[in-house]
Amino acid sequence: MSERTVIIAFGAAALFIIVTMIVFMVLYRKKVNRRLKEAAEGIETNKKPMIPPVKFFIVTLFLTIVMAFVFLLAMAGIASLSYKEDITVRTNSTTQFHSYGISQLKNTPFAEYKKFGDEISGYKKYTKQEGDIIINYYILENKELSFLPHAVYSADYTGDKDAVYVYERNMIQGKNYGGGNGYGGKKFILDKQLNVLELGTNGDNDIETVEITVSVYFEEPESDARDIDFEKKMEEKAAQKAVLVLTKEDIFGKNTDGQRK
């Protein structure tokens, strides 16, 4: 029930009292004048005493307030019967991986992750290695805990030769959704971050595959980000590359009802 409804109800009550008192005073004066005239003419009357204006006002005010509250309660009851609350829990608008540095993980479910290779409570750790690139990925064990990310990964380069540039690409494909992100940089410290799969309002119900690619370069690659084949050309120039592909069964288990809806 809105504030406007309350104001209208009590405004109408005040107007009702004013109109009622005006009508009463007009009738009251007529009766008083008639009785005075009858008394002056010696006419005896056996009529009931007239209710005083003050008493009439108090009675009218009380009854009007009661009726106003009854009206408001009735309106609130009608509103509650017709009101339907639709709650949508939203996280990110797009399903994708987000990178978090170790310092950002304080006071989170991943606070115990201090260095590359650490275990994370509630997650089962898997490892994939291609060349000198290691990818540790963590899958949520209790699929019913849908408020926690279902997949997390971290990567590291362990080779002897200095990696001057690192490029990561995450692609997520679904029946009605496809997207991802890519990022890279000089002296990119892979082992100082966790990449968390955050489900969003798009694509979180129909994930089919998640592809994670980590590319290492011993020389800074030259590439134009405006090029349509930018990512492909970047990966072709990589000195070493590791690719991890996860299916929805890998992430959500055989019972994919665990995905958020």
# chains A, B, ... in the order shown; residues from 1 in each chain; ligands from 1
>>> residues_around(residues="segment 208-223 of chain A", least_positions_apart="4", cutoff="7 Å", atoms="only C-alpha atoms", output="number ranges by chain")
A: 162-174, 230, 234-235, 237-248
>>> write_last_selection(atoms="N, CA and C atoms", output="PDB file, in the first residue's frame")
ATOM      1  N   ASP A 162      63.283 -17.423 -20.057  1.00  0.00           N
ATOM      2  CA  ASP A 162      62.382 -16.377 -19.568  1.00  0.00           C
ATOM      3  C   ASP A 162      61.208 -16.178 -20.520  1.00  0.00           C
ATOM      4  N   ALA A 163      60.031 -16.134 -19.930  1.00  0.00           N
ATOM      5  CA  ALA A 163      58.826 -15.814 -20.704  1.00  0.00           C
ATOM      6  C   ALA A 163      58.615 -14.301 -20.622  1.00  0.00           C
ATOM      7  N   VAL A 164      58.800 -13.610 -21.742  1.00  0.00           N
ATOM      8  CA  VAL A 164      58.675 -12.152 -21.725  1.00  0.00           C
ATOM      9  C   VAL A 164      57.234 -11.705 -21.932  1.00  0.00           C
ATOM     10  N   TYR A 165      56.392 -12.631 -22.365  1.00  0.00           N
ATOM     11  CA  TYR A 165      54.993 -12.262 -22.624  1.00  0.00           C
ATOM     12  C   TYR A 165      54.128 -13.510 -22.454  1.00  0.00           C
ATOM     13  N   VAL A 166      52.967 -13.331 -21.858  1.00  0.00           N
ATOM     14  CA  VAL A 166      52.016 -14.434 -21.664  1.00  0.00           C
ATOM     15  C   VAL A 166      50.647 -13.975 -22.120  1.00  0.00           C
ATOM     16  N   TYR A 167      49.933 -14.839 -22.815  1.00  0.00           N
ATOM     17  CA  TYR A 167      48.579 -14.512 -23.285  1.00  0.00           C
ATOM     18  C   TYR A 167      47.630 -15.629 -22.877  1.00  0.00           C
ATOM     19  N   GLU A 168      46.515 -15.259 -22.257  1.00  0.00           N
ATOM     20  CA  GLU A 168      45.496 -16.224 -21.855  1.00  0.00           C
ATOM     21  C   GLU A 168      44.196 -15.938 -22.589  1.00  0.00           C
ATOM     22  N   ARG A 169      43.519 -17.012 -22.986  1.00  0.00           N
ATOM     23  CA  ARG A 169      42.216 -16.862 -23.653  1.00  0.00           C
ATOM     24  C   ARG A 169      41.256 -17.882 -23.075  1.00  0.00           C
ATOM     25  N   ASN A 170      40.050 -17.416 -22.742  1.00  0.00           N
ATOM     26  CA  ASN A 170      38.994 -18.293 -22.215  1.00  0.00           C
ATOM     27  C   ASN A 170      37.788 -18.194 -23.133  1.00  0.00           C
ATOM     28  N   MET A 171      37.345 -19.308 -23.664  1.00  0.00           N
ATOM     29  CA  MET A 171      36.170 -19.328 -24.532  1.00  0.00           C
ATOM     30  C   MET A 171      35.121 -20.257 -23.925  1.00  0.00           C
ATOM     31  N   ILE A 172      33.895 -19.756 -23.845  1.00  0.00           N
ATOM     32  CA  ILE A 172      32.783 -20.529 -23.286  1.00  0.00           C
ATOM     33  C   ILE A 172      31.720 -20.664 -24.360  1.00  0.00           C
ATOM     34  N   GLN A 173      31.325 -21.888 -24.654  1.00  0.00           N
ATOM     35  CA  GLN A 173      30.348 -22.154 -25.703  1.00  0.00           C
ATOM     36  C   GLN A 173      29.138 -22.875 -25.115  1.00  0.00           C
ATOM     37  N   GLY A 174      27.958 -22.494 -25.611  1.00  0.00           N
ATOM     38  CA  GLY A 174      26.721 -23.142 -25.195  1.00  0.00           C
ATOM     39  C   GLY A 174      25.751 -23.198 -26.352  1.00  0.00           C
ATOM     40  N   PHE A 230      43.030 -11.927 -34.620  1.00  0.00           N
ATOM     41  CA  PHE A 230      44.041 -11.521 -33.643  1.00  0.00           C
ATOM     42  C   PHE A 230      44.434 -12.665 -32.717  1.00  0.00           C
ATOM     43  N   MET A 234      47.998 -14.638 -32.551  1.00  0.00           N
ATOM     44  CA  MET A 234      48.759 -14.574 -31.312  1.00  0.00           C
ATOM     45  C   MET A 234      49.194 -15.966 -30.881  1.00  0.00           C
ATOM     46  N   GLU A 235      48.287 -16.911 -30.918  1.00  0.00           N
ATOM     47  CA  GLU A 235      48.586 -18.261 -30.452  1.00  0.00           C
ATOM     48  C   GLU A 235      49.533 -18.987 -31.404  1.00  0.00           C
ATOM     49  N   LYS A 237      52.028 -17.680 -32.820  1.00  0.00           N
ATOM     50  CA  LYS A 237      53.378 -17.180 -32.557  1.00  0.00           C
ATOM     51  C   LYS A 237      53.920 -17.645 -31.214  1.00  0.00           C
ATOM     52  N   ALA A 238      53.123 -18.366 -30.459  1.00  0.00           N
ATOM     53  CA  ALA A 238      53.535 -18.783 -29.117  1.00  0.00           C
ATOM     54  C   ALA A 238      54.681 -19.791 -29.179  1.00  0.00           C
ATOM     55  N   ALA A 239      55.633 -19.638 -28.271  1.00  0.00           N
ATOM     56  CA  ALA A 239      56.724 -20.610 -28.171  1.00  0.00           C
ATOM     57  C   ALA A 239      56.217 -21.903 -27.546  1.00  0.00           C
ATOM     58  N   GLN A 240      55.324 -21.763 -26.556  1.00  0.00           N
ATOM     59  CA  GLN A 240      54.676 -22.919 -25.936  1.00  0.00           C
ATOM     60  C   GLN A 240      53.215 -22.569 -25.681  1.00  0.00           C
ATOM     61  N   LYS A 241      52.385 -23.590 -25.767  1.00  0.00           N
ATOM     62  CA  LYS A 241      50.959 -23.361 -25.582  1.00  0.00           C
ATOM     63  C   LYS A 241      50.333 -24.578 -24.913  1.00  0.00           C
ATOM     64  N   ALA A 242      49.419 -24.327 -23.987  1.00  0.00           N
ATOM     65  CA  ALA A 242      48.671 -25.396 -23.327  1.00  0.00           C
ATOM     66  C   ALA A 242      47.185 -25.092 -23.462  1.00  0.00           C
ATOM     67  N   VAL A 243      46.412 -26.128 -23.811  1.00  0.00           N
ATOM     68  CA  VAL A 243      44.972 -25.966 -24.011  1.00  0.00           C
ATOM     69  C   VAL A 243      44.236 -26.950 -23.104  1.00  0.00           C
ATOM     70  N   LEU A 244      43.295 -26.424 -22.344  1.00  0.00           N
ATOM     71  CA  LEU A 244      42.460 -27.247 -21.468  1.00  0.00           C
ATOM     72  C   LEU A 244      41.007 -27.074 -21.884  1.00  0.00           C
ATOM     73  N   VAL A 245      40.335 -28.196 -22.163  1.00  0.00           N
ATOM     74  CA  VAL A 245      38.926 -28.157 -22.558  1.00  0.00           C
ATOM     75  C   VAL A 245      38.106 -28.890 -21.508  1.00  0.00           C
ATOM     76  N   LEU A 246      37.112 -28.207 -20.952  1.00  0.00           N
ATOM     77  CA  LEU A 246      36.217 -28.791 -19.956  1.00  0.00           C
ATOM     78  C   LEU A 246      34.802 -28.828 -20.517  1.00  0.00           C
ATOM     79  N   THR A 247      34.112 -29.937 -20.298  1.00  0.00           N
ATOM     80  CA  THR A 247      32.713 -30.051 -20.726  1.00  0.00           C
ATOM     81  C   THR A 247      31.806 -29.683 -19.551  1.00  0.00           C
ATOM     82  N   LYS A 248      30.521 -29.547 -19.837  1.00  0.00           N
ATOM     83  CA  LYS A 248      29.588 -29.218 -18.752  1.00  0.00           C
ATOM     84  C   LYS A 248      29.523 -30.344 -17.726  1.00  0.00           C
TER      85      LYS A 248
END
>>> select_by_dssp(residues="segment 79-243 of chain A", states="strand (DSSP E or B)", output="PyMOL selection string")
chain A and resi 92+96-101+123-130+133-140+151-157+165-174+178-186+193-198+200+207-217+240-243
>>> write_last_selection(atoms="C-alpha atoms", output="mmCIF file, in the first residue's frame")
data_model
loop_
_atom_site.group_PDB
_atom_site.id
_atom_site.type_symbol
_atom_site.label_atom_id
_atom_site.label_comp_id
_atom_site.auth_asym_id
_atom_site.auth_seq_id
_atom_site.Cartn_x
_atom_site.Cartn_y
_atom_site.Cartn_z
ATOM 1 C CA ASN A 92 27.531 -10.735 -13.895
ATOM 2 C CA GLN A 96 33.186 -15.667 -18.021
ATOM 3 C CA PHE A 97 36.396 -16.079 -16.058
ATOM 4 C CA HIS A 98 37.615 -13.238 -13.868
ATOM 5 C CA SER A 99 41.167 -13.039 -12.580
ATOM 6 C CA TYR A 100 41.848 -12.303 -8.908
ATOM 7 C CA GLY A 101 45.255 -11.725 -7.411
ATOM 8 C CA TYR A 123 37.213 -28.287 -4.554
ATOM 9 C CA LYS A 124 38.928 -31.232 -6.201
ATOM 10 C CA LYS A 125 42.202 -30.308 -7.896
ATOM 11 C CA TYR A 126 43.268 -31.626 -11.296
ATOM 12 C CA THR A 127 46.468 -30.910 -13.195
ATOM 13 C CA LYS A 128 47.247 -30.720 -16.896
ATOM 14 C CA GLN A 129 50.745 -30.096 -18.252
ATOM 15 C CA GLU A 130 51.876 -29.371 -21.785
ATOM 16 C CA ILE A 133 53.061 -24.941 -18.858
ATOM 17 C CA ILE A 134 51.068 -26.340 -15.945
ATOM 18 C CA ILE A 135 47.356 -25.696 -15.473
ATOM 19 C CA ASN A 136 45.776 -26.567 -12.149
ATOM 20 C CA TYR A 137 42.020 -26.543 -12.279
ATOM 21 C CA TYR A 138 39.614 -26.956 -9.393
ATOM 22 C CA ILE A 139 36.072 -28.321 -9.641
ATOM 23 C CA LEU A 140 33.447 -27.733 -6.944
ATOM 24 C CA ALA A 151 35.325 -24.040 -11.643
ATOM 25 C CA VAL A 152 38.588 -22.262 -10.865
ATOM 26 C CA TYR A 153 41.990 -22.509 -12.476
ATOM 27 C CA SER A 154 45.531 -21.203 -12.206
ATOM 28 C CA ALA A 155 48.501 -21.618 -14.535
ATOM 29 C CA ASP A 156 52.264 -21.365 -14.365
ATOM 30 C CA TYR A 157 55.264 -21.548 -16.679
ATOM 31 C CA TYR A 165 54.993 -12.262 -22.624
ATOM 32 C CA VAL A 166 52.016 -14.434 -21.664
ATOM 33 C CA TYR A 167 48.579 -14.512 -23.285
ATOM 34 C CA GLU A 168 45.496 -16.224 -21.855
ATOM 35 C CA ARG A 169 42.216 -16.862 -23.653
ATOM 36 C CA ASN A 170 38.994 -18.293 -22.215
ATOM 37 C CA MET A 171 36.170 -19.328 -24.532
ATOM 38 C CA ILE A 172 32.783 -20.529 -23.286
ATOM 39 C CA GLN A 173 30.348 -22.154 -25.703
ATOM 40 C CA GLY A 174 26.721 -23.142 -25.195
ATOM 41 C CA GLY A 178 29.203 -18.074 -26.964
ATOM 42 C CA GLY A 179 31.796 -15.711 -25.598
ATOM 43 C CA GLY A 180 34.951 -15.252 -23.642
ATOM 44 C CA ASN A 181 37.893 -12.986 -23.050
ATOM 45 C CA GLY A 182 41.605 -12.771 -23.656
ATOM 46 C CA TYR A 183 44.355 -10.812 -21.939
ATOM 47 C CA GLY A 184 48.122 -10.731 -21.827
ATOM 48 C CA GLY A 185 51.149 -8.680 -20.902
ATOM 49 C CA LYS A 186 54.850 -8.463 -20.267
ATOM 50 C CA GLN A 193 46.322 -15.316 -9.435
ATOM 51 C CA LEU A 194 43.197 -17.455 -9.572
ATOM 52 C CA ASN A 195 40.805 -17.386 -12.505
ATOM 53 C CA VAL A 196 37.243 -17.886 -11.304
ATOM 54 C CA LEU A 197 34.349 -18.964 -13.512
ATOM 55 C CA GLU A 198 31.540 -16.570 -12.602
ATOM 56 C CA GLY A 200 26.053 -14.610 -15.233
ATOM 57 C CA ILE A 207 27.299 -24.261 -21.091
ATOM 58 C CA GLU A 208 28.617 -27.022 -23.323
ATOM 59 C CA THR A 209 32.390 -26.474 -23.284
ATOM 60 C CA VAL A 210 34.966 -24.217 -21.674
ATOM 61 C CA GLU A 211 38.298 -23.852 -23.467
ATOM 62 C CA ILE A 212 41.283 -22.378 -21.635
ATOM 63 C CA THR A 213 44.418 -21.526 -23.613
ATOM 64 C CA VAL A 214 47.700 -20.336 -22.074
ATOM 65 C CA SER A 215 50.380 -19.124 -24.499
ATOM 66 C CA VAL A 216 53.976 -18.266 -23.584
ATOM 67 C CA TYR A 217 56.317 -16.112 -25.709
ATOM 68 C CA GLN A 240 54.676 -22.919 -25.936
ATOM 69 C CA LYS A 241 50.959 -23.361 -25.582
ATOM 70 C CA ALA A 242 48.671 -25.396 -23.327
ATOM 71 C CA VAL A 243 44.972 -25.966 -24.011
#
>>> select_by_dssp(residues="segment 92-167 of chain A", states="helix (DSSP H, G or I)", output="VMD selection string")
chain A and resid 102 to 105
>>> residues_around(residues="segment 112-117 of chain A", least_positions_apart="3", cutoff="7 Å", atoms="only C-alpha atoms", output="PyMOL selection string")
chain A and resi 102+120+136+191-192
>>> closest_residue(among="A:Ile51, A:Val32, A:Pro109, A:Met67", to="Ala12 of chain A", atoms="only C-alpha atoms")
A:Met67
>>> atom_distance(atom1="atom CA of Phe110 of chain A", atom2="atom CA of Asp132 of chain A")
25.6 Å
>>> decode(residues="segment 105-138 of chain A", atoms="N, CA, C and O atoms", output="PDB file, in the first residue's frame")
ATOM      1  N   LEU A 105      42.055 -12.205  -2.517  1.00  0.00           N
ATOM      2  CA  LEU A 105      41.313 -13.384  -2.076  1.00  0.00           C
ATOM      3  C   LEU A 105      41.050 -13.413  -0.567  1.00  0.00           C
ATOM      4  O   LEU A 105      40.416 -14.339  -0.075  1.00  0.00           O
ATOM      5  N   LYS A 106      41.529 -12.396   0.150  1.00  0.00           N
ATOM      6  CA  LYS A 106      41.291 -12.353   1.592  1.00  0.00           C
ATOM      7  C   LYS A 106      39.795 -12.249   1.871  1.00  0.00           C
ATOM      8  O   LYS A 106      39.061 -11.578   1.142  1.00  0.00           O
ATOM      9  N   ASN A 107      39.359 -12.939   2.918  1.00  0.00           N
ATOM     10  CA  ASN A 107      37.949 -12.946   3.332  1.00  0.00           C
ATOM     11  C   ASN A 107      37.033 -13.504   2.243  1.00  0.00           C
ATOM     12  O   ASN A 107      35.898 -13.053   2.077  1.00  0.00           O
ATOM     13  N   THR A 108      37.528 -14.453   1.481  1.00  0.00           N
ATOM     14  CA  THR A 108      36.735 -15.156   0.466  1.00  0.00           C
ATOM     15  C   THR A 108      36.895 -16.658   0.683  1.00  0.00           C
ATOM     16  O   THR A 108      37.774 -17.096   1.448  1.00  0.00           O
ATOM     17  N   PRO A 109      36.082 -17.488   0.016  1.00  0.00           N
ATOM     18  CA  PRO A 109      36.253 -18.941   0.143  1.00  0.00           C
ATOM     19  C   PRO A 109      37.608 -19.437  -0.357  1.00  0.00           C
ATOM     20  O   PRO A 109      37.968 -20.593  -0.132  1.00  0.00           O
ATOM     21  N   PHE A 110      38.372 -18.551  -1.039  1.00  0.00           N
ATOM     22  CA  PHE A 110      39.662 -18.953  -1.594  1.00  0.00           C
ATOM     23  C   PHE A 110      40.835 -18.339  -0.824  1.00  0.00           C
ATOM     24  O   PHE A 110      41.955 -18.285  -1.330  1.00  0.00           O
ATOM     25  N   ALA A 111      40.581 -17.878   0.385  1.00  0.00           N
ATOM     26  CA  ALA A 111      41.615 -17.190   1.158  1.00  0.00           C
ATOM     27  C   ALA A 111      42.806 -18.093   1.470  1.00  0.00           C
ATOM     28  O   ALA A 111      43.922 -17.601   1.662  1.00  0.00           O
ATOM     29  N   GLU A 112      42.596 -19.416   1.521  1.00  0.00           N
ATOM     30  CA  GLU A 112      43.686 -20.326   1.853  1.00  0.00           C
ATOM     31  C   GLU A 112      44.664 -20.519   0.694  1.00  0.00           C
ATOM     32  O   GLU A 112      45.754 -21.060   0.868  1.00  0.00           O
ATOM     33  N   TYR A 113      44.269 -20.044  -0.507  1.00  0.00           N
ATOM     34  CA  TYR A 113      45.153 -20.168  -1.667  1.00  0.00           C
ATOM     35  C   TYR A 113      46.247 -19.105  -1.549  1.00  0.00           C
ATOM     36  O   TYR A 113      46.006 -17.915  -1.733  1.00  0.00           O
ATOM     37  N   LYS A 114      47.477 -19.553  -1.263  1.00  0.00           N
ATOM     38  CA  LYS A 114      48.590 -18.631  -1.047  1.00  0.00           C
ATOM     39  C   LYS A 114      49.627 -18.705  -2.158  1.00  0.00           C
ATOM     40  O   LYS A 114      50.315 -17.730  -2.445  1.00  0.00           O
ATOM     41  N   LYS A 115      49.752 -19.883  -2.759  1.00  0.00           N
ATOM     42  CA  LYS A 115      50.761 -20.035  -3.810  1.00  0.00           C
ATOM     43  C   LYS A 115      50.280 -21.082  -4.807  1.00  0.00           C
ATOM     44  O   LYS A 115      49.364 -21.865  -4.534  1.00  0.00           O
ATOM     45  N   PHE A 116      50.893 -21.065  -5.953  1.00  0.00           N
ATOM     46  CA  PHE A 116      50.506 -21.971  -7.030  1.00  0.00           C
ATOM     47  C   PHE A 116      50.568 -23.425  -6.563  1.00  0.00           C
ATOM     48  O   PHE A 116      51.545 -23.867  -5.958  1.00  0.00           O
ATOM     49  N   GLY A 117      49.483 -24.157  -6.822  1.00  0.00           N
ATOM     50  CA  GLY A 117      49.428 -25.574  -6.454  1.00  0.00           C
ATOM     51  C   GLY A 117      48.728 -25.852  -5.149  1.00  0.00           C
ATOM     52  O   GLY A 117      48.484 -27.023  -4.819  1.00  0.00           O
ATOM     53  N   ASP A 118      48.393 -24.803  -4.368  1.00  0.00           N
ATOM     54  CA  ASP A 118      47.694 -25.020  -3.104  1.00  0.00           C
ATOM     55  C   ASP A 118      46.331 -25.660  -3.336  1.00  0.00           C
ATOM     56  O   ASP A 118      45.691 -25.446  -4.370  1.00  0.00           O
ATOM     57  N   GLU A 119      45.912 -26.451  -2.334  1.00  0.00           N
ATOM     58  CA  GLU A 119      44.570 -27.025  -2.364  1.00  0.00           C
ATOM     59  C   GLU A 119      43.549 -25.952  -1.971  1.00  0.00           C
ATOM     60  O   GLU A 119      43.879 -24.976  -1.293  1.00  0.00           O
ATOM     61  N   ILE A 120      42.301 -26.160  -2.381  1.00  0.00           N
ATOM     62  CA  ILE A 120      41.210 -25.258  -2.008  1.00  0.00           C
ATOM     63  C   ILE A 120      40.098 -26.108  -1.417  1.00  0.00           C
ATOM     64  O   ILE A 120      39.602 -27.033  -2.067  1.00  0.00           O
ATOM     65  N   SER A 121      39.708 -25.823  -0.194  1.00  0.00           N
ATOM     66  CA  SER A 121      38.676 -26.613   0.479  1.00  0.00           C
ATOM     67  C   SER A 121      37.381 -26.608  -0.321  1.00  0.00           C
ATOM     68  O   SER A 121      36.916 -25.555  -0.767  1.00  0.00           O
ATOM     69  N   GLY A 122      36.795 -27.815  -0.451  1.00  0.00           N
ATOM     70  CA  GLY A 122      35.533 -27.943  -1.166  1.00  0.00           C
ATOM     71  C   GLY A 122      35.695 -28.158  -2.661  1.00  0.00           C
ATOM     72  O   GLY A 122      34.703 -28.376  -3.368  1.00  0.00           O
ATOM     73  N   TYR A 123      36.939 -28.108  -3.127  1.00  0.00           N
ATOM     74  CA  TYR A 123      37.213 -28.287  -4.554  1.00  0.00           C
ATOM     75  C   TYR A 123      38.193 -29.447  -4.761  1.00  0.00           C
ATOM     76  O   TYR A 123      39.100 -29.650  -3.951  1.00  0.00           O
ATOM     77  N   LYS A 124      37.990 -30.170  -5.849  1.00  0.00           N
ATOM     78  CA  LYS A 124      38.928 -31.232  -6.201  1.00  0.00           C
ATOM     79  C   LYS A 124      39.887 -30.691  -7.256  1.00  0.00           C
ATOM     80  O   LYS A 124      39.462 -30.113  -8.251  1.00  0.00           O
ATOM     81  N   LYS A 125      41.183 -30.864  -7.007  1.00  0.00           N
ATOM     82  CA  LYS A 125      42.202 -30.308  -7.896  1.00  0.00           C
ATOM     83  C   LYS A 125      42.635 -31.322  -8.948  1.00  0.00           C
ATOM     84  O   LYS A 125      42.852 -32.496  -8.652  1.00  0.00           O
ATOM     85  N   TYR A 126      42.747 -30.840 -10.186  1.00  0.00           N
ATOM     86  CA  TYR A 126      43.268 -31.626 -11.296  1.00  0.00           C
ATOM     87  C   TYR A 126      44.426 -30.852 -11.918  1.00  0.00           C
ATOM     88  O   TYR A 126      44.499 -29.623 -11.796  1.00  0.00           O
ATOM     89  N   THR A 127      45.306 -31.561 -12.582  1.00  0.00           N
ATOM     90  CA  THR A 127      46.468 -30.910 -13.195  1.00  0.00           C
ATOM     91  C   THR A 127      46.633 -31.379 -14.637  1.00  0.00           C
ATOM     92  O   THR A 127      46.518 -32.572 -14.937  1.00  0.00           O
ATOM     93  N   LYS A 128      46.903 -30.407 -15.514  1.00  0.00           N
ATOM     94  CA  LYS A 128      47.247 -30.720 -16.896  1.00  0.00           C
ATOM     95  C   LYS A 128      48.536 -29.984 -17.238  1.00  0.00           C
ATOM     96  O   LYS A 128      48.680 -28.799 -16.922  1.00  0.00           O
ATOM     97  N   GLN A 129      49.469 -30.708 -17.878  1.00  0.00           N
ATOM     98  CA  GLN A 129      50.745 -30.096 -18.252  1.00  0.00           C
ATOM     99  C   GLN A 129      51.039 -30.347 -19.717  1.00  0.00           C
ATOM    100  O   GLN A 129      50.915 -31.466 -20.217  1.00  0.00           O
ATOM    101  N   GLU A 130      51.411 -29.288 -20.399  1.00  0.00           N
ATOM    102  CA  GLU A 130      51.876 -29.371 -21.785  1.00  0.00           C
ATOM    103  C   GLU A 130      53.181 -28.608 -21.860  1.00  0.00           C
ATOM    104  O   GLU A 130      53.201 -27.388 -21.644  1.00  0.00           O
ATOM    105  N   GLY A 131      54.252 -29.311 -22.143  1.00  0.00           N
ATOM    106  CA  GLY A 131      55.559 -28.665 -22.146  1.00  0.00           C
ATOM    107  C   GLY A 131      55.891 -28.153 -20.759  1.00  0.00           C
ATOM    108  O   GLY A 131      55.811 -28.884 -19.771  1.00  0.00           O
ATOM    109  N   ASP A 132      56.232 -26.885 -20.669  1.00  0.00           N
ATOM    110  CA  ASP A 132      56.578 -26.281 -19.383  1.00  0.00           C
ATOM    111  C   ASP A 132      55.419 -25.494 -18.784  1.00  0.00           C
ATOM    112  O   ASP A 132      55.608 -24.755 -17.806  1.00  0.00           O
ATOM    113  N   ILE A 133      54.238 -25.653 -19.363  1.00  0.00           N
ATOM    114  CA  ILE A 133      53.061 -24.941 -18.858  1.00  0.00           C
ATOM    115  C   ILE A 133      52.198 -25.905 -18.049  1.00  0.00           C
ATOM    116  O   ILE A 133      51.822 -26.976 -18.542  1.00  0.00           O
ATOM    117  N   ILE A 134      51.904 -25.524 -16.821  1.00  0.00           N
ATOM    118  CA  ILE A 134      51.068 -26.340 -15.945  1.00  0.00           C
ATOM    119  C   ILE A 134      49.771 -25.588 -15.671  1.00  0.00           C
ATOM    120  O   ILE A 134      49.799 -24.400 -15.326  1.00  0.00           O
ATOM    121  N   ILE A 135      48.664 -26.279 -15.811  1.00  0.00           N
ATOM    122  CA  ILE A 135      47.356 -25.696 -15.473  1.00  0.00           C
ATOM    123  C   ILE A 135      46.737 -26.539 -14.369  1.00  0.00           C
ATOM    124  O   ILE A 135      46.494 -27.738 -14.553  1.00  0.00           O
ATOM    125  N   ASN A 136      46.533 -25.932 -13.230  1.00  0.00           N
ATOM    126  CA  ASN A 136      45.776 -26.567 -12.149  1.00  0.00           C
ATOM    127  C   ASN A 136      44.342 -26.060 -12.222  1.00  0.00           C
ATOM    128  O   ASN A 136      44.116 -24.849 -12.237  1.00  0.00           O
ATOM    129  N   TYR A 137      43.411 -26.993 -12.279  1.00  0.00           N
ATOM    130  CA  TYR A 137      42.020 -26.543 -12.279  1.00  0.00           C
ATOM    131  C   TYR A 137      41.260 -27.254 -11.169  1.00  0.00           C
ATOM    132  O   TYR A 137      41.527 -28.407 -10.835  1.00  0.00           O
ATOM    133  N   TYR A 138      40.336 -26.514 -10.580  1.00  0.00           N
ATOM    134  CA  TYR A 138      39.614 -26.956  -9.393  1.00  0.00           C
ATOM    135  C   TYR A 138      38.121 -27.004  -9.720  1.00  0.00           C
ATOM    136  O   TYR A 138      37.554 -26.039 -10.238  1.00  0.00           O
TER     137      TYR A 138
END
